[in-house]
$ cat run_23.pdb   # PDB, C-alpha atoms
ATOM      1  CA  MET H   1     198.452 171.366 210.808
ATOM      2  CA  PRO H   2     198.925 167.594 211.268
ATOM      3  CA  LEU H   3     196.103 165.290 210.208
ATOM      4  CA  ASP H   4     194.445 163.261 212.946
ATOM      5  CA  PRO H   5     194.091 159.630 211.746
ATOM      6  CA  ASP H   6     190.662 159.529 213.445
ATOM      7  CA  ASP H   7     189.489 162.085 210.849
ATOM      8  CA  ILE H   8     190.294 159.802 207.885
ATOM      9  CA  ASP H   9     187.424 157.816 206.387
ATOM     10  CA  LEU H  10     187.760 154.023 206.600
ATOM     11  CA  PRO H  11     188.398 153.320 202.875
ATOM     12  CA  ALA H  12     191.180 155.925 202.766
ATOM     13  CA  LEU H  13     192.620 154.635 206.040
ATOM     14  CA  VAL H  14     192.654 151.090 204.628
ATOM     15  CA  ALA H  15     194.424 152.275 201.455
ATOM     16  CA  LEU H  16     196.997 154.265 203.419
ATOM     17  CA  THR H  17     197.549 151.386 205.821
ATOM     18  CA  GLY H  18     197.908 148.940 202.950
ATOM     19  CA  ALA H  19     200.558 151.102 201.302
ATOM     20  CA  ALA H  20     202.478 151.473 204.568
ATOM     21  CA  VAL H  21     202.245 147.746 205.316
ATOM     22  CA  ASP H  22     203.415 146.881 201.789
ATOM     23  CA  ALA H  23     206.447 149.157 202.144
ATOM     24  CA  HIS H  24     207.284 147.784 205.606
ATOM     25  CA  VAL H  25     206.914 144.137 204.588
ATOM     26  CA  LEU H  26     208.898 144.594 201.373
ATOM     27  CA  ALA H  27     211.764 146.280 203.231
ATOM     28  CA  ARG H  28     211.840 143.428 205.765
ATOM     29  CA  VAL H  29     211.615 140.770 203.022
ATOM     30  CA  ARG H  30     214.546 142.351 201.203
ATOM     31  CA  ALA H  31     216.558 142.525 204.418
ATOM     32  CA  SER H  32     215.748 138.850 205.104
ATOM     33  CA  GLY H  33     217.629 137.481 202.120
ATOM     34  CA  HIS H  34     215.370 138.400 199.213
ATOM     35  CA  PRO H  35     216.882 141.684 197.957
ATOM     36  CA  GLY H  36     215.388 141.425 194.469
ATOM     37  CA  ALA H  37     211.790 140.896 195.566
ATOM     38  CA  ARG H  38     209.304 143.414 194.235
ATOM     39  CA  ARG H  39     205.676 144.063 195.093
ATOM     40  CA  SER H  40     204.589 143.265 191.536
ATOM     41  CA  HIS H  41     206.057 139.759 191.837
ATOM     42  CA  GLY H  42     203.415 138.976 194.442
ATOM     43  CA  TYR H  43     200.596 138.849 191.907
ATOM     44  CA  VAL H  44     202.291 136.061 189.956
ATOM     45  CA  ILE H  45     203.603 134.291 193.049
ATOM     46  CA  GLN H  46     200.072 134.104 194.498
ATOM     47  CA  ALA H  47     198.951 132.232 191.385
ATOM     48  CA  LEU H  48     201.917 129.867 191.684
ATOM     49  CA  ILE H  49     201.115 128.942 195.286
ATOM     50  CA  SER H  50     198.038 127.014 194.215
ATOM     51  CA  GLY H  51     199.150 125.636 190.864
ATOM     52  CA  GLU H  52     201.499 125.511 187.922
ATOM     53  CA  PRO H  53     199.834 127.650 185.270
ATOM     54  CA  ALA H  54     201.086 128.404 181.782
ATOM     55  CA  VAL H  55     201.937 131.998 180.859
ATOM     56  CA  GLY H  56     198.682 132.383 178.936
ATOM     57  CA  ASP H  57     196.639 131.201 181.918
ATOM     58  CA  LEU H  58     198.434 133.658 184.197
ATOM     59  CA  ALA H  59     197.894 136.514 181.766
ATOM     60  CA  ARG H  60     194.174 135.749 181.507
ATOM     61  CA  ASP H  61     193.752 135.409 185.275
ATOM     62  CA  LEU H  62     195.666 138.616 186.018
ATOM     63  CA  GLY H  63     194.071 140.577 183.184
ATOM     64  CA  VAL H  64     197.410 141.554 181.653
ATOM     65  CA  THR H  65     199.268 140.685 178.464
ATOM     66  CA  GLN H  66     201.284 137.517 177.989
ATOM     67  CA  GLN H  67     204.313 139.743 177.422
ATOM     68  CA  ALA H  68     203.858 141.334 180.871
ATOM     69  CA  VAL H  69     203.576 137.921 182.516
ATOM     70  CA  SER H  70     206.551 136.566 180.562
ATOM     71  CA  LYS H  71     208.665 139.508 181.723
ATOM     72  CA  CYS H  72     207.682 138.970 185.366
ATOM     73  CA  VAL H  73     208.262 135.213 185.128
ATOM     74  CA  ALA H  74     211.700 135.855 183.612
ATOM     75  CA  GLU H  75     212.490 138.127 186.589
ATOM     76  CA  LEU H  76     211.275 135.466 189.020
ATOM     77  CA  GLU H  77     213.428 132.868 187.239
ATOM     78  CA  SER H  78     216.514 135.087 187.362
ATOM     79  CA  LEU H  79     215.977 135.559 191.104
ATOM     80  CA  GLY H  80     215.540 131.818 191.594
ATOM     81  CA  TYR H  81     211.905 132.025 192.719
ATOM     82  CA  ALA H  82     210.267 130.248 189.784
ATOM     83  CA  GLU H  83     211.085 127.841 187.010
ATOM     84  CA  ARG H  84     209.469 126.758 183.771
ATOM     85  CA  VAL H  85     208.746 123.046 183.417
ATOM     86  CA  ALA H  86     207.253 120.946 180.639
ATOM     87  CA  ASP H  87     203.590 120.070 180.978
ATOM     88  CA  PRO H  88     203.357 116.299 181.587
ATOM     89  CA  GLY H  89     200.489 116.022 179.106
ATOM     90  CA  ASP H  90     201.855 118.282 176.368
ATOM     91  CA  ALA H  91     205.613 118.884 176.122
ATOM     92  CA  ARG H  92     204.986 121.974 173.970
ATOM     93  CA  VAL H  93     203.395 123.731 176.950
ATOM     94  CA  ARG H  94     205.654 125.217 179.615
ATOM     95  CA  ARG H  95     204.234 125.613 183.095
ATOM     96  CA  ILE H  96     205.591 127.891 185.786
ATOM     97  CA  ARG H  97     206.143 126.715 189.347
ATOM     98  CA  LEU H  98     207.721 128.026 192.497
ATOM     99  CA  THR H  99     211.175 126.758 193.422
ATOM    100  CA  ASP H 100     212.236 126.042 196.993
ATOM    101  CA  HIS H 101     213.633 129.589 197.086
ATOM    102  CA  GLY H 102     210.228 130.869 195.950
ATOM    103  CA  HIS H 103     208.482 128.926 198.707
ATOM    104  CA  ASP H 104     210.993 130.400 201.171
ATOM    105  CA  LEU H 105     210.054 133.880 199.945
ATOM    106  CA  VAL H 106     206.371 133.091 200.573
ATOM    107  CA  GLU H 107     207.067 131.751 204.079
ATOM    108  CA  THR H 108     209.373 134.670 204.930
ATOM    109  CA  THR H 109     206.708 137.143 203.832
ATOM    110  CA  ARG H 110     204.005 135.375 205.826
ATOM    111  CA  ALA H 111     206.192 135.350 208.949
ATOM    112  CA  ILE H 112     206.883 139.077 208.604
ATOM    113  CA  ARG H 113     203.175 139.832 208.210
ATOM    114  CA  ARG H 114     202.316 137.650 211.253
ATOM    115  CA  SER H 115     204.935 139.513 213.289
ATOM    116  CA  LEU H 116     203.536 142.860 212.165
ATOM    117  CA  GLU H 117     200.009 141.758 213.089
ATOM    118  CA  ARG H 118     201.183 140.642 216.529
ATOM    119  CA  THR H 119     202.964 143.976 217.055
ATOM    120  CA  ALA H 120     199.820 145.873 216.057
ATOM    121  CA  LEU H 121     197.680 143.802 218.427
ATOM    122  CA  ASP H 122     200.170 144.302 221.256
ATOM    123  CA  ASP H 123     200.176 148.061 220.605
ATOM    124  CA  ALA H 124     196.359 148.136 220.592
ATOM    125  CA  HIS H 125     196.344 146.258 223.883
ATOM    126  CA  GLU H 126     198.785 148.770 225.411
ATOM    127  CA  GLN H 127     196.495 151.603 224.272
ATOM    128  CA  GLY H 128     193.664 150.237 226.352
ATOM    129  CA  SER H 129     192.055 147.431 224.398
ATOM    130  CA  SER H 130     191.149 144.652 226.780
ATOM    131  CA  ASP H 131     190.683 141.851 224.268
ATOM    132  CA  ASP H 132     193.152 141.540 221.367
ATOM    133  CA  GLU H 133     191.370 138.524 219.856
ATOM    134  CA  ALA H 134     187.969 140.234 219.826
ATOM    135  CA  ASP H 135     189.525 143.406 218.401
ATOM    136  CA  ALA H 136     191.331 141.445 215.703
ATOM    137  CA  SER H 137     188.196 139.472 214.878
ATOM    138  CA  GLY H 138     186.090 142.627 214.602
ATOM    139  CA  THR H 139     188.719 144.371 212.509
ATOM    140  CA  ARG H 140     189.013 141.338 210.233
ATOM    141  CA  ARG H 141     185.208 141.236 209.732
ATOM    142  CA  THR H 142     185.154 144.945 208.907
ATOM    143  CA  LEU H 143     187.982 144.629 206.391
ATOM    144  CA  VAL H 144     186.406 141.580 204.725
ATOM    145  CA  ALA H 145     183.114 143.490 204.476
ATOM    146  CA  LEU H 146     184.946 146.449 202.922
ATOM    147  CA  LEU H 147     186.705 144.104 200.505
ATOM    148  CA  ALA H 148     183.340 142.570 199.538
ATOM    149  CA  ALA H 149     181.643 145.964 199.172
ATOM    150  CA  SER H 150     184.417 147.141 196.848
ATOM    151  CA  GLY H 151     184.124 144.036 194.654
ATOM    152  CA  GLY H 152     187.474 142.472 195.500
ATOM    153  CA  LEU H 153     186.516 139.536 197.712
ATOM    154  CA  GLU H 154     186.039 136.886 195.027
ATOM    155  CA  ALA H 155     189.323 137.764 193.339
ATOM    156  CA  VAL H 156     191.128 137.448 196.662
ATOM    157  CA  ARG H 157     189.458 134.088 197.337
ATOM    158  CA  ARG H 158     190.874 132.848 194.024
ATOM    159  CA  ARG H 159     194.326 134.250 194.931
ATOM    160  CA  ARG H 160     193.866 136.838 192.220
ATOM    161  CA  ALA H 161     194.220 140.062 194.176
ATOM    162  CA  PRO H 162     192.882 142.943 192.126
ATOM    163  CA  VAL H 163     195.740 144.277 190.016
ATOM    164  CA  PRO H 164     195.970 148.064 190.238
ATOM    165  CA  GLU H 165     195.600 149.911 186.947
ATOM    166  CA  SER H 166     198.740 151.697 185.751
TER
END
$ encode --input "run_23.pdb" --output "structure tokens"
Amino acid sequence: MPLDPDDIDLPALVALTGAAVDAHVLARVRASGHPGARRSHGYVIQALISGEPAVGDLARDLGVTQQAVSKCVAELESLGYAERVADPGDARVRRIRLTDHGHDLVETTRAIRRSLERTALDDAHEQGSSDDEADASGTRRTLVALLAASGGLEAVRRRRAPVPES
């Protein structure tokens, strides 16, 4: 017997939706000229959007080992998304920053997510919603409240999305 989505509790529906959105966006990102992009790269890339941290800083912020961050940064370098540069104040320290190709990956991903959001709003409107903006605003408030209630809001505000445990 098929499951009716209306019978799924909101936290489970959010998790299922998130997984489906991630898969959809990643497939579109790969098809848009970024075939090596992986979901796990996003955690590091988010930190690089707002700064040029050192590996140790990234490891601390993400709550993982320096070896894990170094491996991911090496992957990002090999794909052309990031590069290591000398710290202007201490040449012994290497900082990681996004390249132009890395910024393109970020912009491509954002455009795909905006398109998906627009499609979802259009579909909701076709199903009888009279006010897309009000629906989107209410949905956004509910999701932010759920994020706050689950303890993830502050991490997201700092661009440190909660890293799932392995």
$ closest_residue --input "run_23.pdb" --among "H:Ile112, H:Leu26, H:Leu3, H:Leu10" --to "H:Thr139" --atoms "only C-alpha atoms"
H:Leu10
$ atom_distance --input "run_23.pdb" --atom1 "atom CA of H:Asp87" --atom2 "atom CA of H:Ala54"
8.7 Å
$ resolve_selection --input "run_23.pdb" --expression "the PyMOL selection byres ((chain H and resi 47) around 12)" --output "JSON, numbers by chain"
{"H": [41, 42, 43, 44, 45, 46, 48, 49, 50, 51, 52, 53, 54, 55, 57, 58, 59, 60, 61, 62, 69, 73, 82, 95, 96, 97, 98, 106, 155, 156, 157, 158, 159, 160, 161]}
$ resolve_selection --input "run_23.pdb" --expression "the PyMOL selection byres ((chain H and resi 99) around 10)" --output "list in words"
Leu48, Leu76, Glu77, Gly80, Tyr81, Ala82, Glu83, Arg84, Ile96, Arg97, Leu98, Asp100, His101, Gly102, His103, Asp104 and Leu105 of chain H
$ atom_distance --input "run_23.pdb" --atom1 "atom CA of H:Asp135" --atom2 "atom CA of H:Thr119"
13.5 Å
$ residues_near_point --input "run_23.pdb" --point "(208.5, 143.1, 210.6)" --cutoff "12 Å" --atoms "all atoms listed in the file" --output "list of chain:residue names"
H:Ala20, H:Val21, H:Asp22, H:Ala23, H:His24, H:Val25, H:Leu26, H:Ala27, H:Arg28, H:Val29, H:Arg30, H:Ala31, H:Ser32, H:Thr108, H:Thr109, H:Arg110, H:Ala111, H:Ile112, H:Arg113, H:Arg114, H:Ser115, H:Leu116, H:Glu117, H:Arg118, H:Thr119, H:Ala120
$ atom_distance --input "run_23.pdb" --atom1 "atom CA of H:Ser78" --atom2 "atom CA of H:Arg38"
13.0 Å
